[in-house]
Structure formats: C-alpha cells, structure tokens
Amino acid sequence: MPAILTTLGEAARAGIEIKAICRKPECRYSQKINLAEVVQHVGGIQPLVPVKWQKHFSERMRCPACKTLGMYIWVDLPSEGHPLYPLTSSAFRVLEWSQTGRSIDRELALVHTLPVAQAAYRAARELYHTSHITLQQGARVISDSWEDQKAP
Ligand SMILES: [Zn+2]
C-alpha cells in the first residue's frame, strides 16, 4: 500500500472508505461511495481530491437529498490495517471567505492530511484567484491567500 493515497485506484485497492458529503451547509447529506463502481466509470487514475484544470468526479455528483450539484469527498479511516491518518488529528479545511472576511462563503475541501489539504488549497487559489481562501485546522489558520499576496 502506498504511504500516501493519491488516486481512486490506490484508495480502492487499499480498501479505503470514501463518503460524499453534500456541499450545502444546511443539508450535509452524506453517503458512502462505491469506489469500485466509481473507478469503473471514471478510471483508477482519477485523483482523490480535485486538481487544477481537471473536472473532478465529485463535481458531477448530485446530492440525493437536496439535488445540489457537487459533493465533498471525505476519506474515512481504513477499518483494518495501519491507519493512514493520525486518529487524533482533526480535519483540515479549505475555506472561501466573503469579501468582508467575516463569514465563510463556501467550504471547498475537507481532508484528513495536511499535504492533501495544501494541494487542495493551492488548487482553490488557482481556481478562485480573486477570492479570499484560507487553509485551516479548526480556528488555526495555516495559509491565507490574502497574506500570501502581501508577501514578496
Ligand atoms: Zn444536499
């Protein structure tokens, strides 16, 4: 098993459970994804998390409950074997803020590992370059696109 899972095929082989969670904060419907089925449809080399210039399969998923298009991918801990993620760590989130900086417009990613979260953050910055994007763990801000812009 690779140390870091990057593709759907690797996740499927590792027996990882993946959930799709509705993007709508009021809904947050979640369902287990049948990885084998998704791999059959989109291919095993499809990345687990969205990357720049690529239409991610999660964007084509529609919430069965509220019909909102696009779902978040949540990677669950494997049920047996070596845990891939520290059990005690809380999730990293990539957030898009309103222009006033006081409220969260959207949660763009919700992941367990920092490298994946950082990749998602970079992708979010590229995609939404006019937006205020932060990468954080709880209230702790790890990266902030407005702060990054001020840096030389
Ligand atoms: Zn929904």
# chains A, B, ... in the order shown; residues from 1 in each chain; ligands from 1

call {"tool": "residues_around", "arguments": {"residues": "region 103-113 of chain A", "least_positions_apart": "2", "cutoff": "8 Å", "atoms": "only C-alpha atoms", "output": "NGL selection string"}}
result
:A and (23 or 72-75 or 85 or 89-98 or 100-101 or 115-117 or 120 or 124)

call {"tool": "closest_atom_pairs", "arguments": {"of": "chain A", "to": "ligand 1", "cutoff": "10 Å", "atoms": "only C-alpha atoms and all ligand atoms", "output": "CSV"}}
result
residue,atom,partner,partner_atom_place_in_ligand_line,distance
A:Ile21,CA,ligand 1,1 (Zn),7.8
A:Cys22,CA,ligand 1,1 (Zn),4.5
A:Arg23,CA,ligand 1,1 (Zn),6.7
A:Lys24,CA,ligand 1,1 (Zn),5.6
A:Pro25,CA,ligand 1,1 (Zn),8.1
A:Glu26,CA,ligand 1,1 (Zn),7.7
A:Cys27,CA,ligand 1,1 (Zn),4.5
A:Arg28,CA,ligand 1,1 (Zn),5.6
A:Tyr29,CA,ligand 1,1 (Zn),5.1
A:Ser30,CA,ligand 1,1 (Zn),8.1
A:Arg62,CA,ligand 1,1 (Zn),8.0
A:Cys63,CA,ligand 1,1 (Zn),4.6
A:Pro64,CA,ligand 1,1 (Zn),6.6
A:Ala65,CA,ligand 1,1 (Zn),4.9
A:Cys66,CA,ligand 1,1 (Zn),4.0
A:Lys67,CA,ligand 1,1 (Zn),6.0
A:Thr68,CA,ligand 1,1 (Zn),5.6
A:Leu69,CA,ligand 1,1 (Zn),8.5
A:Gly70,CA,ligand 1,1 (Zn),9.3
A:Met71,CA,ligand 1,1 (Zn),8.4

call {"tool": "write_last_selection", "arguments": {"atoms": "N, CA and C atoms", "output": "mmCIF file, in the first residue's frame"}}
result
data_model
loop_
_atom_site.group_PDB
_atom_site.id
_atom_site.type_symbol
_atom_site.label_atom_id
_atom_site.label_comp_id
_atom_site.auth_asym_id
_atom_site.auth_seq_id
_atom_site.Cartn_x
_atom_site.Cartn_y
_atom_site.Cartn_z
ATOM 1 N N ILE A 21 -20.196 14.065 0.681
ATOM 2 C CA ILE A 21 -20.989 14.899 1.582
ATOM 3 C C ILE A 21 -21.522 16.094 0.799
ATOM 4 N N CYS A 22 -22.780 16.378 0.979
ATOM 5 C CA CYS A 22 -23.431 17.482 0.280
ATOM 6 C C CYS A 22 -22.745 18.804 0.605
ATOM 7 N N ARG A 23 -22.579 19.650 -0.432
ATOM 8 C CA ARG A 23 -21.900 20.939 -0.243
ATOM 9 C C ARG A 23 -22.755 21.958 0.487
ATOM 10 N N LYS A 24 -24.035 21.719 0.493
ATOM 11 C CA LYS A 24 -24.930 22.690 1.102
ATOM 12 C C LYS A 24 -24.870 22.555 2.624
ATOM 13 N N PRO A 25 -24.459 23.623 3.320
ATOM 14 C CA PRO A 25 -24.288 23.516 4.778
ATOM 15 C C PRO A 25 -25.568 23.097 5.508
ATOM 16 N N GLU A 26 -26.727 23.521 4.994
ATOM 17 C CA GLU A 26 -27.986 23.184 5.670
ATOM 18 C C GLU A 26 -28.349 21.719 5.468
ATOM 19 N N CYS A 27 -27.745 21.098 4.483
ATOM 20 C CA CYS A 27 -28.130 19.726 4.152
ATOM 21 C C CYS A 27 -27.118 18.729 4.708
ATOM 22 N N ARG A 28 -25.878 18.783 4.182
ATOM 23 C CA ARG A 28 -24.793 17.911 4.647
ATOM 24 C C ARG A 28 -25.141 16.420 4.592
ATOM 25 N N TYR A 29 -25.981 16.072 3.645
ATOM 26 C CA TYR A 29 -26.296 14.664 3.455
ATOM 27 C C TYR A 29 -25.003 13.935 3.107
ATOM 28 N N SER A 30 -24.812 12.765 3.658
ATOM 29 C CA SER A 30 -23.607 12.015 3.292
ATOM 30 C C SER A 30 -23.961 10.592 2.910
ATOM 31 N N ARG A 62 -24.521 14.533 -7.624
ATOM 32 C CA ARG A 62 -25.633 15.359 -7.186
ATOM 33 C C ARG A 62 -26.166 14.807 -5.875
ATOM 34 N N CYS A 63 -26.427 15.682 -4.924
ATOM 35 C CA CYS A 63 -26.940 15.257 -3.624
ATOM 36 C C CYS A 63 -28.319 14.607 -3.804
ATOM 37 N N PRO A 64 -28.480 13.377 -3.315
ATOM 38 C CA PRO A 64 -29.775 12.708 -3.470
ATOM 39 C C PRO A 64 -30.873 13.385 -2.640
ATOM 40 N N ALA A 65 -30.460 14.086 -1.601
ATOM 41 C CA ALA A 65 -31.452 14.680 -0.701
ATOM 42 C C ALA A 65 -31.959 16.028 -1.209
ATOM 43 N N CYS A 66 -31.028 16.946 -1.544
ATOM 44 C CA CYS A 66 -31.469 18.302 -1.909
ATOM 45 C C CYS A 66 -31.173 18.651 -3.356
ATOM 46 N N LYS A 67 -30.560 17.724 -4.095
ATOM 47 C CA LYS A 67 -30.293 17.875 -5.531
ATOM 48 C C LYS A 67 -29.236 18.928 -5.869
ATOM 49 N N THR A 68 -28.468 19.359 -4.858
ATOM 50 C CA THR A 68 -27.377 20.293 -5.127
ATOM 51 C C THR A 68 -26.273 19.559 -5.886
ATOM 52 N N LEU A 69 -25.737 20.218 -6.909
ATOM 53 C CA LEU A 69 -24.687 19.594 -7.711
ATOM 54 C C LEU A 69 -23.326 19.803 -7.040
ATOM 55 N N GLY A 70 -22.557 18.738 -6.990
ATOM 56 C CA GLY A 70 -21.219 18.817 -6.414
ATOM 57 C C GLY A 70 -21.223 18.363 -4.971
ATOM 58 N N MET A 71 -20.325 17.432 -4.651
ATOM 59 C CA MET A 71 -20.251 16.934 -3.282
ATOM 60 C C MET A 71 -18.796 16.914 -2.832
#

call {"tool": "atom_distance", "arguments": {"atom1": "CA of Glu126 (chain A)", "atom2": "CA of Ile18 (chain A)"}}
result
25.4 Å

call {"tool": "closest_residue", "arguments": {"among": "A:Ile133, A:Leu48, A:Val42, A:Ala123", "to": "Trp146 (chain A)", "atoms": "only C-alpha atoms"}}
result
A:Ile133

call {"tool": "atom_distance", "arguments": {"atom1": "CA of Trp53 (chain A)", "atom2": "CA of Leu127 (chain A)"}}
result
8.4 Å

call {"tool": "decode", "arguments": {"residues": "region 113-128 of chain A", "atoms": "N, CA and C atoms", "output": "mmCIF file, in the first residue's frame"}}
result
data_model
loop_
_atom_site.group_PDB
_atom_site.id
_atom_site.type_symbol
_atom_site.label_atom_id
_atom_site.label_comp_id
_atom_site.auth_asym_id
_atom_site.auth_seq_id
_atom_site.Cartn_x
_atom_site.Cartn_y
_atom_site.Cartn_z
ATOM 1 N N THR A 113 -5.381 14.872 5.741
ATOM 2 C CA THR A 113 -3.924 15.009 5.755
ATOM 3 C C THR A 113 -3.506 16.375 5.249
ATOM 4 N N LEU A 114 -2.472 16.928 5.878
ATOM 5 C CA LEU A 114 -2.008 18.258 5.522
ATOM 6 C C LEU A 114 -1.516 18.363 4.075
ATOM 7 N N PRO A 115 -0.700 17.406 3.588
ATOM 8 C CA PRO A 115 -0.250 17.546 2.182
ATOM 9 C C PRO A 115 -1.412 17.610 1.200
ATOM 10 N N VAL A 116 -2.425 16.793 1.433
ATOM 11 C CA VAL A 116 -3.594 16.815 0.546
ATOM 12 C C VAL A 116 -4.340 18.135 0.717
ATOM 13 N N ALA A 117 -4.425 18.595 1.957
ATOM 14 C CA ALA A 117 -5.098 19.867 2.225
ATOM 15 C C ALA A 117 -4.359 21.010 1.549
ATOM 16 N N GLN A 118 -3.014 20.953 1.585
ATOM 17 C CA GLN A 118 -2.217 22.005 0.951
ATOM 18 C C GLN A 118 -2.393 21.991 -0.562
ATOM 19 N N ALA A 119 -2.487 20.785 -1.114
ATOM 20 C CA ALA A 119 -2.725 20.666 -2.562
ATOM 21 C C ALA A 119 -4.095 21.240 -2.914
ATOM 22 N N ALA A 120 -5.068 20.943 -2.068
ATOM 23 C CA ALA A 120 -6.419 21.457 -2.296
ATOM 24 C C ALA A 120 -6.432 22.982 -2.166
ATOM 25 N N TYR A 121 -5.678 23.489 -1.203
ATOM 26 C CA TYR A 121 -5.584 24.931 -1.002
ATOM 27 C C TYR A 121 -4.969 25.611 -2.233
ATOM 28 N N ARG A 122 -3.880 25.018 -2.740
ATOM 29 C CA ARG A 122 -3.231 25.587 -3.928
ATOM 30 C C ARG A 122 -4.180 25.564 -5.124
ATOM 31 N N ALA A 123 -4.890 24.439 -5.264
ATOM 32 C CA ALA A 123 -5.844 24.309 -6.368
ATOM 33 C C ALA A 123 -6.956 25.347 -6.224
ATOM 34 N N ALA A 124 -7.424 25.546 -5.011
ATOM 35 C CA ALA A 124 -8.502 26.516 -4.765
ATOM 36 C C ALA A 124 -8.032 27.929 -5.086
ATOM 37 N N ARG A 125 -6.780 28.220 -4.750
ATOM 38 C CA ARG A 125 -6.226 29.553 -5.033
ATOM 39 C C ARG A 125 -6.158 29.802 -6.533
ATOM 40 N N GLU A 126 -5.769 28.756 -7.269
ATOM 41 C CA GLU A 126 -5.679 28.889 -8.726
ATOM 42 C C GLU A 126 -7.067 29.076 -9.332
ATOM 43 N N LEU A 127 -7.998 28.288 -8.841
ATOM 44 C CA LEU A 127 -9.345 28.306 -9.401
ATOM 45 C C LEU A 127 -10.084 29.587 -9.055
ATOM 46 N N TYR A 128 -9.949 30.025 -7.826
ATOM 47 C CA TYR A 128 -10.692 31.193 -7.356
ATOM 48 C C TYR A 128 -9.694 32.280 -6.954
#
